[in-house]
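Undergrad: Here it is: the structure, laid out below.
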Amino acid sequence: MLDFPRWKQILLWLLTLIPIAAAVPSIASLSGLPWPSALPNPQIALGLDLAGGSHLLLEANADQVRQQRLEAKEEELRTALKKAGNVHYGDISNRDGALSFMVQSAAEVDAAREVLVPLTNGAGLSGKRDWDLTVQDTTRIVLTPTQEGIADAIDKAMDVATEVVRKRIDGMGTREPTIIRQGADRIVVQVPGLKDPTQLKSLLGQTAKLEFKLVDQTGLSGGVLAPGDELVPYASNQLPPIAVKRLGGIKGDRLTDAKQSFSQHNEAVVSITFDTQGGEQFARLTSENVGKPFAIILDGKVLSAPNINEAIMGGSAQISGSFTVESANQLAIALRSGALPVDLRVVEERTVGPDLGADSIHKGVIAMLVGTGIVVLFMAVTYGRFGIYANAAVILNVLMILGIMAFFNTTLTLPGIAGFVLTIGAAVDANVLINERIREERHRGRKVFQAIELGYKEASRTIFDANITHLIAATLMFEFGSGPIKGFAVVLGIGIVTSVFTAVFLTRMWASNWLRAKRPHEITI
C-alpha cells in the first residue's frame, strides 16, 4: 500500500499538474491579469448568474401545430387517394379542425378505409391512434385528430424547436447558452454575456419557413380566389398580395447550406444549396414552368416573385429581397439551422447585469476562502504533519477542479461555487477518516509504518463506498436536473473524483516518501 516506485510518482504528479496548468488561464482572467495570446487559453465559462446576460421565455403557438398537421394530412390524403385510383371522391374539406370528403357510393367506403387506415399511426406511448376515422351519412368519411395525436405532435414540434433554437444561438457565436423546455409548449433561453437581446429575439422570433411556390396568374379572376390557391402578401407591403398554389412547391427543409453573399449588382443576397432530392425537385419545377413566375416565400410573406427564364440545375439558387448584409447573414443562420416547426413568441424577458454576477462571485469566493481557512487551521492543529498533507491535498483539489472545468469549457454558476465549498468538505472528510484510522491503529500498539499502511487501507474502503454513492447522486442530478442544478452537479461530480484522488493517492505518496526518508518511531496525529 505504501510502495510508490518512481514511475508511479511521476504518473501521479502528471495527473495532478496537467489539470492545474489548465486552470492557470482562468485564474489569470478572473484576477484581471493579461494572458499571452500565443499560449493555450482554456477558460471556464461563467453562467448567467455570474457573468450577467439575457433570459428569455419563449412560448409556442400550439394552434399553428394543429393547422400545419391538418394541411400536411390533407396533402397526404389527396396523394394517397389519387394513387389508389379506385375511389371516386369529391372535394376534401378541412373545416372545424377535421378532414372530410364524400365518396360516390356506399360500396366505395371500404376501399377508402383501406387507403386511409395506413395514414394513421400510434400517438406516442398512449396506445391510441393519432387520427380517428369515421363514416357519416353512409358516404361521408371524416378524419379527426385525436387529443393524444395533437399532444404527441406538439411534443415533437417542441423538441425540434428546442434544437433549432440551440443551433441558431450557436450560429451567433455565443458561448454556453442554457436552452431547456419548460412545460408542454415553452422554452427557456439563457445566454450569458449577452447584454442586448434585441438581435437574439429577432433571430428566435423568425420561423424561417422557406417555400418556393408557383404563382397562379389567373388565381384572382374578378376578385374571386381560384380553388386550391391562397393569397400571400409581400414582405414590403408595397405590392398587392399574389395568388399562389397552396399545395406542391418546394420547402426549405431540403436545404443543406445557406450563406450571405453578393449578387452581380453587388446587392446582399442569400445563396442556398439543396440536397440531392431538393435539387432534383427544384430542377423539375423550373424546367416544367419556364416563362412562369414563382414566389419565394419566407414565413408567409413573399420576398420576390421572379420569372423562370430557364431551368435552374445544380441545386443552387439565390434569394434576394432588399437585404442588408446583417439581415442577409441573420436569414442565412436561420435557414442553416432549419425552420422552426412552430412560431415562438417572447412572453418573459429579463436582463441580468454583470454587477450582480460580480457581487455573486465576490461573496462566493469570500465564503469559500473563509471556509477553507477554518478547515486548514483545524486540520493543521489537529493532525500536525498529516493535517498539512490534507491541506495541501485540498488546495490541489480545488485547482484540479478549475483545470478540468476549463479544459472541457464547463459553465460555472453560483450553485457551482456552492459545489466547490461542499467538495472542500468532502475532501477534508476523507482525510479525517484516514487520520483517525491511523490514530486508532497507533492506540492498538501498531508500529508507525503498520499504522499508516492499515489506516490508508481500511479507510480507503469507506471513502470509495461513500463517494461512489455521492457520484451516483451527482449523475442523477445532472441527468434529470436543469440549469443551476446541473451546474451544481457538474462541480460536485468533478470534485468527488479529484477529492478521492488527492486525499487517498497523493497524501499516501507524501506519507510514504516521508516514512522512507525519516524512519520515525513516533508520529503526532
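Identifiers for the C-alpha cells are assigned positionally: chains receive A, B, ... in sequence, residues are indexed from 1 per chain, and ligands are indexed from 1 in the order shown.
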Mind checking which residues fall within 8 Å of Leu399 in chain A, counting only C-alpha atoms, ignoring those fewer than 4 positions away in the same chain, and posting them as a PyMOL selection string?

TA: chain A and resi 19-20+23+395+403

Undergrad: Would you output that residue set with N, CA and C atoms, as a PDB file, in the first residue's frame?

TA:
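Saved as selection.pdb:
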ATOM      1  N   PRO A  19      -4.032  19.154 -15.003  1.00  0.00           N
ATOM      2  CA  PRO A  19      -5.251  19.949 -14.758  1.00  0.00           C
ATOM      3  C   PRO A  19      -4.957  21.299 -14.104  1.00  0.00           C
ATOM      4  N   ILE A  20      -3.969  21.335 -13.208  1.00  0.00           N
ATOM      5  CA  ILE A  20      -3.639  22.608 -12.559  1.00  0.00           C
ATOM      6  C   ILE A  20      -3.132  23.608 -13.589  1.00  0.00           C
ATOM      7  N   ALA A  23      -5.835  25.278 -15.334  1.00  0.00           N
ATOM      8  CA  ALA A  23      -6.596  26.245 -14.525  1.00  0.00           C
ATOM      9  C   ALA A  23      -5.965  27.629 -14.525  1.00  0.00           C
ATOM     10  N   ILE A 395      -6.036  22.095  -1.396  1.00  0.00           N
ATOM     11  CA  ILE A 395      -5.688  23.188  -2.316  1.00  0.00           C
ATOM     12  C   ILE A 395      -5.489  22.660  -3.734  1.00  0.00           C
ATOM     13  N   GLY A 403      -9.150  23.370 -13.334  1.00  0.00           N
ATOM     14  CA  GLY A 403      -8.494  22.989 -14.576  1.00  0.00           C
ATOM     15  C   GLY A 403      -9.343  22.065 -15.431  1.00  0.00           C
TER      16      GLY A 403
END

Undergrad: Rank A:Ile523, A:Ala503, A:Ala153, A:Leu422 by their smallest atom-to-atom distance to Ala489 in chain A, using only C-alpha atoms, and report the top residue only.

TA: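 That would be A:Leu422, the residue with the smallest distance to Ala489 in chain A.
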
Undergrad: In range 230-405 of chain A, what's strand (DSSP E or B) per DSSP? Answer as a PyMOL selection string?

TA: chain A and resi 230-232+234+242-245+250-251+255-262+268-274+293-298+301-304+307+316-323+344-352

Undergrad: Closest to Phe4 in chain A among A:Arg140, A:His265, A:Arg508, A:Arg336, using only C-alpha atoms?

TA: A:Arg508

Undergrad: Please produce, as CSV, a per-residue contact table for range 36-109 of chain A versus range 469-485 of chain A (criterion: any atom at most 10 Å away, only C-alpha atoms considered), showing the nearest atom pair and its distance in Å to one decimal, sorted by chain then residue number.

TA:
residue,atom,partner,partner_atom,distance
A:Gly47,CA,A:Pro484,CA,8.8
A:Leu48,CA,A:Pro484,CA,9.7
A:Asp49,CA,A:Pro484,CA,9.1

Undergrad: Which polymer residues have any atom within 12 Å of an atom of range 364-370 of chain A, counting only C-alpha atoms, with same-chain residues fewer than 5 positions away left out, as a VMD selection string?

TA: chain A and resid 30 49 to 50 357 to 359 375 to 377 395 398 412 to 425

Undergrad: Generate a file of the selected residues that holds N, CA and C atoms, formatted as a PDB file, in the first residue's frame.

TA:
ATOM      1  N   LEU A  30      -9.843  35.718 -14.148  1.00  0.00           N
ATOM      2  CA  LEU A  30     -10.652  36.175 -13.020  1.00  0.00           C
ATOM      3  C   LEU A  30      -9.916  37.222 -12.189  1.00  0.00           C
ATOM      4  N   ASP A  49     -25.860  33.761 -13.919  1.00  0.00           N
ATOM      5  CA  ASP A  49     -25.895  34.395 -12.606  1.00  0.00           C
ATOM      6  C   ASP A  49     -24.556  35.012 -12.216  1.00  0.00           C
ATOM      7  N   LEU A  50     -23.488  34.654 -12.926  1.00  0.00           N
ATOM      8  CA  LEU A  50     -22.171  35.214 -12.613  1.00  0.00           C
ATOM      9  C   LEU A  50     -21.709  36.245 -13.638  1.00  0.00           C
ATOM     10  N   GLY A 357     -23.591  39.620 -11.077  1.00  0.00           N
ATOM     11  CA  GLY A 357     -22.693  38.485 -11.195  1.00  0.00           C
ATOM     12  C   GLY A 357     -21.399  38.700 -10.447  1.00  0.00           C
ATOM     13  N   ALA A 358     -20.826  39.907 -10.554  1.00  0.00           N
ATOM     14  CA  ALA A 358     -19.577  40.202  -9.850  1.00  0.00           C
ATOM     15  C   ALA A 358     -19.778  40.114  -8.340  1.00  0.00           C
ATOM     16  N   ASP A 359     -20.928  40.594  -7.860  1.00  0.00           N
ATOM     17  CA  ASP A 359     -21.220  40.523  -6.429  1.00  0.00           C
ATOM     18  C   ASP A 359     -21.370  39.069  -5.984  1.00  0.00           C
ATOM     19  N   VAL A 375     -11.012  25.379   7.831  1.00  0.00           N
ATOM     20  CA  VAL A 375     -10.696  23.959   7.690  1.00  0.00           C
ATOM     21  C   VAL A 375      -9.184  23.733   7.753  1.00  0.00           C
ATOM     22  N   VAL A 376      -8.421  24.581   7.058  1.00  0.00           N
ATOM     23  CA  VAL A 376      -6.962  24.447   7.038  1.00  0.00           C
ATOM     24  C   VAL A 376      -6.400  24.593   8.449  1.00  0.00           C
ATOM     25  N   LEU A 377      -6.877  25.580   9.202  1.00  0.00           N
ATOM     26  CA  LEU A 377      -6.396  25.793  10.575  1.00  0.00           C
ATOM     27  C   LEU A 377      -6.734  24.588  11.454  1.00  0.00           C
ATOM     28  N   ILE A 395      -6.036  22.095  -1.396  1.00  0.00           N
ATOM     29  CA  ILE A 395      -5.688  23.188  -2.316  1.00  0.00           C
ATOM     30  C   ILE A 395      -5.489  22.660  -3.734  1.00  0.00           C
ATOM     31  N   VAL A 398      -8.889  21.844  -5.349  1.00  0.00           N
ATOM     32  CA  VAL A 398      -9.604  22.997  -5.902  1.00  0.00           C
ATOM     33  C   VAL A 398      -9.026  23.392  -7.255  1.00  0.00           C
ATOM     34  N   LEU A 412     -19.576  27.642 -15.101  1.00  0.00           N
ATOM     35  CA  LEU A 412     -19.592  27.787 -13.640  1.00  0.00           C
ATOM     36  C   LEU A 412     -20.734  28.705 -13.239  1.00  0.00           C
ATOM     37  N   THR A 413     -21.609  28.236 -12.378  1.00  0.00           N
ATOM     38  CA  THR A 413     -22.729  29.026 -11.884  1.00  0.00           C
ATOM     39  C   THR A 413     -22.568  29.244 -10.387  1.00  0.00           C
ATOM     40  N   LEU A 414     -23.455  30.054  -9.822  1.00  0.00           N
ATOM     41  CA  LEU A 414     -23.408  30.289  -8.378  1.00  0.00           C
ATOM     42  C   LEU A 414     -23.608  28.986  -7.600  1.00  0.00           C
ATOM     43  N   PRO A 415     -24.553  28.125  -7.987  1.00  0.00           N
ATOM     44  CA  PRO A 415     -24.625  26.818  -7.320  1.00  0.00           C
ATOM     45  C   PRO A 415     -23.340  26.008  -7.494  1.00  0.00           C
ATOM     46  N   GLY A 416     -22.610  26.258  -8.609  1.00  0.00           N
ATOM     47  CA  GLY A 416     -21.338  25.582  -8.800  1.00  0.00           C
ATOM     48  C   GLY A 416     -20.323  25.979  -7.742  1.00  0.00           C
ATOM     49  N   ILE A 417     -20.336  27.259  -7.345  1.00  0.00           N
ATOM     50  CA  ILE A 417     -19.454  27.704  -6.265  1.00  0.00           C
ATOM     51  C   ILE A 417     -19.834  26.996  -4.961  1.00  0.00           C
ATOM     52  N   ALA A 418     -21.142  26.812  -4.755  1.00  0.00           N
ATOM     53  CA  ALA A 418     -21.588  26.045  -3.587  1.00  0.00           C
ATOM     54  C   ALA A 418     -21.060  24.619  -3.657  1.00  0.00           C
ATOM     55  N   GLY A 419     -21.006  24.069  -4.878  1.00  0.00           N
ATOM     56  CA  GLY A 419     -20.436  22.747  -5.066  1.00  0.00           C
ATOM     57  C   GLY A 419     -18.963  22.706  -4.695  1.00  0.00           C
ATOM     58  N   PHE A 420     -18.243  23.810  -4.963  1.00  0.00           N
ATOM     59  CA  PHE A 420     -16.845  23.907  -4.559  1.00  0.00           C
ATOM     60  C   PHE A 420     -16.712  23.780  -3.042  1.00  0.00           C
ATOM     61  N   VAL A 421     -17.515  24.569  -2.328  1.00  0.00           N
ATOM     62  CA  VAL A 421     -17.444  24.567  -0.868  1.00  0.00           C
ATOM     63  C   VAL A 421     -17.754  23.162  -0.331  1.00  0.00           C
ATOM     64  N   LEU A 422     -18.771  22.520  -0.907  1.00  0.00           N
ATOM     65  CA  LEU A 422     -19.127  21.173  -0.475  1.00  0.00           C
ATOM     66  C   LEU A 422     -18.000  20.179  -0.777  1.00  0.00           C
ATOM     67  N   THR A 423     -17.348  20.374  -1.919  1.00  0.00           N
ATOM     68  CA  THR A 423     -16.245  19.489  -2.298  1.00  0.00           C
ATOM     69  C   THR A 423     -15.085  19.602  -1.318  1.00  0.00           C
ATOM     70  N   ILE A 424     -14.815  20.820  -0.861  1.00  0.00           N
ATOM     71  CA  ILE A 424     -13.749  21.013   0.129  1.00  0.00           C
ATOM     72  C   ILE A 424     -14.063  20.201   1.385  1.00  0.00           C
ATOM     73  N   GLY A 425     -15.321  20.257   1.805  1.00  0.00           N
ATOM     74  CA  GLY A 425     -15.725  19.477   2.975  1.00  0.00           C
ATOM     75  C   GLY A 425     -15.559  17.986   2.742  1.00  0.00           C
TER      76      GLY A 425
END

Undergrad: I need the residue nearest Ala45 in chain A from this list: A:Ile463, A:Leu143, A:Ala430, A:Leu402. Use only C-alpha atoms for the distance.

TA: A:Leu402

Undergrad: Which one of A:Ile494, A:Val342, A:Ala123, A:Ile44 sits closest to Arg66 in chain A if you count only C-alpha atoms?

TA: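 Of A:Ile494, A:Val342, A:Ala123, A:Ile44, the one nearest Arg66 in chain A is A:Val342, counting only C-alpha atoms.
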
Undergrad: Give the alpha helix (DSSP H) residues of range 149-274 of chain A, as DSSP finds them on the backbone, and put them as JSON, numbers by chain.

TA: {"A": [149, 150, 151, 152, 153, 154, 155, 156, 157, 158, 159, 160, 161, 162, 163, 164, 165, 166, 167, 168, 169, 170, 171, 198, 199, 200, 201, 202, 203, 204]}

Undergrad: Filtering to N, CA and C atoms, could you give me those residues as a PDB file, in the first residue's frame?

TA:
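File produced: again-v6.pdb:
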ATOM      1  N   GLY A 149     -52.984  12.455 -30.326  1.00  0.00           N
ATOM      2  CA  GLY A 149     -52.183  12.750 -31.514  1.00  0.00           C
ATOM      3  C   GLY A 149     -51.702  14.185 -31.539  1.00  0.00           C
ATOM      4  N   ILE A 150     -52.593  15.109 -31.134  1.00  0.00           N
ATOM      5  CA  ILE A 150     -52.209  16.527 -31.094  1.00  0.00           C
ATOM      6  C   ILE A 150     -51.101  16.755 -30.059  1.00  0.00           C
ATOM      7  N   ALA A 151     -51.274  16.137 -28.877  1.00  0.00           N
ATOM      8  CA  ALA A 151     -50.261  16.289 -27.824  1.00  0.00           C
ATOM      9  C   ALA A 151     -48.915  15.735 -28.277  1.00  0.00           C
ATOM     10  N   ASP A 152     -48.946  14.590 -28.976  1.00  0.00           N
ATOM     11  CA  ASP A 152     -47.699  13.990 -29.471  1.00  0.00           C
ATOM     12  C   ASP A 152     -47.061  14.888 -30.527  1.00  0.00           C
ATOM     13  N   ALA A 153     -47.874  15.487 -31.397  1.00  0.00           N
ATOM     14  CA  ALA A 153     -47.346  16.375 -32.438  1.00  0.00           C
ATOM     15  C   ALA A 153     -46.713  17.626 -31.827  1.00  0.00           C
ATOM     16  N   ILE A 154     -47.374  18.190 -30.808  1.00  0.00           N
ATOM     17  CA  ILE A 154     -46.824  19.370 -30.142  1.00  0.00           C
ATOM     18  C   ILE A 154     -45.508  19.029 -29.450  1.00  0.00           C
ATOM     19  N   ASP A 155     -45.455  17.851 -28.815  1.00  0.00           N
ATOM     20  CA  ASP A 155     -44.236  17.422 -28.129  1.00  0.00           C
ATOM     21  C   ASP A 155     -43.076  17.286 -29.112  1.00  0.00           C
ATOM     22  N   LYS A 156     -43.338  16.666 -30.260  1.00  0.00           N
ATOM     23  CA  LYS A 156     -42.284  16.511 -31.267  1.00  0.00           C
ATOM     24  C   LYS A 156     -41.876  17.864 -31.843  1.00  0.00           C
ATOM     25  N   ALA A 157     -42.858  18.738 -32.074  1.00  0.00           N
ATOM     26  CA  ALA A 157     -42.544  20.075 -32.601  1.00  0.00           C
ATOM     27  C   ALA A 157     -41.682  20.861 -31.626  1.00  0.00           C
ATOM     28  N   MET A 158     -41.957  20.728 -30.327  1.00  0.00           N
ATOM     29  CA  MET A 158     -41.173  21.455 -29.328  1.00  0.00           C
ATOM     30  C   MET A 158     -39.753  20.902 -29.225  1.00  0.00           C
ATOM     31  N   ASP A 159     -39.596  19.593 -29.398  1.00  0.00           N
ATOM     32  CA  ASP A 159     -38.247  19.016 -29.411  1.00  0.00           C
ATOM     33  C   ASP A 159     -37.441  19.576 -30.579  1.00  0.00           C
ATOM     34  N   VAL A 160     -38.074  19.635 -31.742  1.00  0.00           N
ATOM     35  CA  VAL A 160     -37.385  20.187 -32.921  1.00  0.00           C
ATOM     36  C   VAL A 160     -37.102  21.671 -32.721  1.00  0.00           C
ATOM     37  N   ALA A 161     -38.083  22.419 -32.183  1.00  0.00           N
ATOM     38  CA  ALA A 161     -37.905  23.851 -31.964  1.00  0.00           C
ATOM     39  C   ALA A 161     -36.757  24.125 -31.001  1.00  0.00           C
ATOM     40  N   THR A 162     -36.639  23.306 -29.947  1.00  0.00           N
ATOM     41  CA  THR A 162     -35.556  23.488 -28.981  1.00  0.00           C
ATOM     42  C   THR A 162     -34.207  23.305 -29.650  1.00  0.00           C
ATOM     43  N   GLU A 163     -34.093  22.303 -30.511  1.00  0.00           N
ATOM     44  CA  GLU A 163     -32.828  22.054 -31.201  1.00  0.00           C
ATOM     45  C   GLU A 163     -32.519  23.163 -32.207  1.00  0.00           C
ATOM     46  N   VAL A 164     -33.547  23.663 -32.895  1.00  0.00           N
ATOM     47  CA  VAL A 164     -33.345  24.759 -33.848  1.00  0.00           C
ATOM     48  C   VAL A 164     -32.884  26.027 -33.119  1.00  0.00           C
ATOM     49  N   VAL A 165     -33.508  26.318 -31.981  1.00  0.00           N
ATOM     50  CA  VAL A 165     -33.098  27.474 -31.177  1.00  0.00           C
ATOM     51  C   VAL A 165     -31.634  27.337 -30.764  1.00  0.00           C
ATOM     52  N   ARG A 166     -31.249  26.123 -30.366  1.00  0.00           N
ATOM     53  CA  ARG A 166     -29.859  25.888 -29.950  1.00  0.00           C
ATOM     54  C   ARG A 166     -28.893  26.153 -31.117  1.00  0.00           C
ATOM     55  N   LYS A 167     -29.229  25.654 -32.305  1.00  0.00           N
ATOM     56  CA  LYS A 167     -28.361  25.846 -33.470  1.00  0.00           C
ATOM     57  C   LYS A 167     -28.251  27.318 -33.839  1.00  0.00           C
ATOM     58  N   ARG A 168     -29.355  28.054 -33.736  1.00  0.00           N
ATOM     59  CA  ARG A 168     -29.321  29.480 -34.100  1.00  0.00           C
ATOM     60  C   ARG A 168     -28.446  30.281 -33.142  1.00  0.00           C
ATOM     61  N   ILE A 169     -28.564  29.985 -31.849  1.00  0.00           N
ATOM     62  CA  ILE A 169     -27.747  30.707 -30.877  1.00  0.00           C
ATOM     63  C   ILE A 169     -26.279  30.341 -31.056  1.00  0.00           C
ATOM     64  N   ASP A 170     -26.000  29.065 -31.330  1.00  0.00           N
ATOM     65  CA  ASP A 170     -24.617  28.660 -31.593  1.00  0.00           C
ATOM     66  C   ASP A 170     -24.081  29.355 -32.839  1.00  0.00           C
ATOM     67  N   GLY A 171     -24.954  29.560 -33.826  1.00  0.00           N
ATOM     68  CA  GLY A 171     -24.540  30.243 -35.045  1.00  0.00           C
ATOM     69  C   GLY A 171     -24.154  31.691 -34.820  1.00  0.00           C
ATOM     70  N   THR A 198     -31.901  42.154 -28.332  1.00  0.00           N
ATOM     71  CA  THR A 198     -32.732  42.532 -29.478  1.00  0.00           C
ATOM     72  C   THR A 198     -32.477  41.636 -30.680  1.00  0.00           C
ATOM     73  N   GLN A 199     -31.186  41.443 -31.029  1.00  0.00           N
ATOM     74  CA  GLN A 199     -30.853  40.603 -32.177  1.00  0.00           C
ATOM     75  C   GLN A 199     -31.259  39.156 -31.932  1.00  0.00           C
ATOM     76  N   LEU A 200     -31.087  38.704 -30.691  1.00  0.00           N
ATOM     77  CA  LEU A 200     -31.467  37.339 -30.350  1.00  0.00           C
ATOM     78  C   LEU A 200     -32.968  37.134 -30.502  1.00  0.00           C
ATOM     79  N   LYS A 201     -33.752  38.092 -29.995  1.00  0.00           N
ATOM     80  CA  LYS A 201     -35.211  37.975 -30.104  1.00  0.00           C
ATOM     81  C   LYS A 201     -35.642  37.966 -31.567  1.00  0.00           C
ATOM     82  N   SER A 202     -34.988  38.798 -32.369  1.00  0.00           N
ATOM     83  CA  SER A 202     -35.329  38.846 -33.789  1.00  0.00           C
ATOM     84  C   SER A 202     -35.027  37.522 -34.468  1.00  0.00           C
ATOM     85  N   LEU A 203     -33.887  36.916 -34.113  1.00  0.00           N
ATOM     86  CA  LEU A 203     -33.488  35.653 -34.723  1.00  0.00           C
ATOM     87  C   LEU A 203     -34.407  34.511 -34.288  1.00  0.00           C
ATOM     88  N   LEU A 204     -34.741  34.475 -32.994  1.00  0.00           N
ATOM     89  CA  LEU A 204     -35.578  33.390 -32.492  1.00  0.00           C
ATOM     90  C   LEU A 204     -37.042  33.575 -32.862  1.00  0.00           C
TER      91      LEU A 204
END

Undergrad: Neighbouring residues of range 100-111 of chain A were defined as those with any atom within 9 Å, considering only C-alpha atoms; residues of the same chain fewer than 2 positions away were excluded. Please report them as a compact mmCIF listing (two decimals) with C-alpha atoms, in the first residue's frame.

TA:
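What ended up in around-v3.txt:
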# COMPACT_ATOMS: atom_id res chain seq x y z
CA ASN A 86 -60.34 3.03 -57.14
CA VAL A 87 -62.10 5.66 -55.00
CA HIS A 88 -64.27 8.35 -56.59
CA TYR A 89 -64.39 11.25 -54.18
CA GLY A 90 -65.50 14.85 -54.05
CA ASP A 91 -63.72 17.94 -52.76
CA ILE A 92 -61.81 17.49 -49.48
CA SER A 93 -62.91 19.89 -46.72
CA ASN A 94 -60.67 20.89 -43.80
CA ARG A 95 -63.22 22.80 -41.77
CA ALA A 98 -61.13 17.82 -39.36
CA ARG A 113 -60.89 2.84 -45.49
CA GLU A 114 -58.11 0.65 -46.91
CA VAL A 115 -56.45 3.76 -48.28
CA LEU A 116 -56.83 5.87 -45.13
CA VAL A 135 -68.17 7.35 -41.62
CA THR A 138 -73.15 6.36 -45.24
CA THR A 139 -70.88 8.12 -47.77
CA ARG A 140 -69.03 10.89 -45.90
CA ILE A 141 -65.65 9.91 -44.49
CA VAL A 142 -64.20 12.06 -41.70
CA LEU A 143 -60.63 12.11 -40.32
CA THR A 144 -60.50 13.82 -36.91

Undergrad: So which residues touch range 243-249 of chain A within 12 Å, counting only C-alpha atoms, skipping near sequence neighbours fewer than 3 positions away, as a ChimeraX atom specification?

TA: /A:71-76,78-79,210-221,223-234,240,252,254,278,281-286,289,292-297,300-302,305

Undergrad: Applying 9 Å and only C-alpha atoms, which residues near Gly387 in chain A remain after dropping the ones on its own chain fewer than 5 positions away? List them as a PyMOL selection string.

TA: chain A and resi 376-382+392+431-432+435+525

Undergrad: I'd like the interatomic distance between CA of Gly315 in chain A and CA of Ile250 in chain A, to a tenth of an Å.

TA: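 Here the two named atoms are 12.0 Å from each other.
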
Undergrad: CA of Tyr456 in chain A to CA of Leu492 in chain A: how many Å, to one decimal?

TA: 23.6 Å

Undergrad: Which neighbours of Ile319 in chain A fall inside 9 Å, counting only C-alpha atoms, when residues of the same chain fewer than 5 positions from it are skipped, and could you give them as a list in words?

TA: Val269, Val270, Ser271, Ile272, Ile296, Leu303 and Ser304 of chain A

Undergrad: Find, counting only C-alpha atoms, the residue in A:Ile438, A:Ala451, A:Leu56, A:Ala511 that gets nearest to Pro197 in chain A.

TA: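 Residue with the minimum atom-to-atom distance to Pro197 in chain A: A:Leu56.
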
Undergrad: So how many Å separate CA of Arg442 in chain A and CA of Ile374 in chain A, to one decimal?

TA: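 These two atoms are separated by 27.1 Å.
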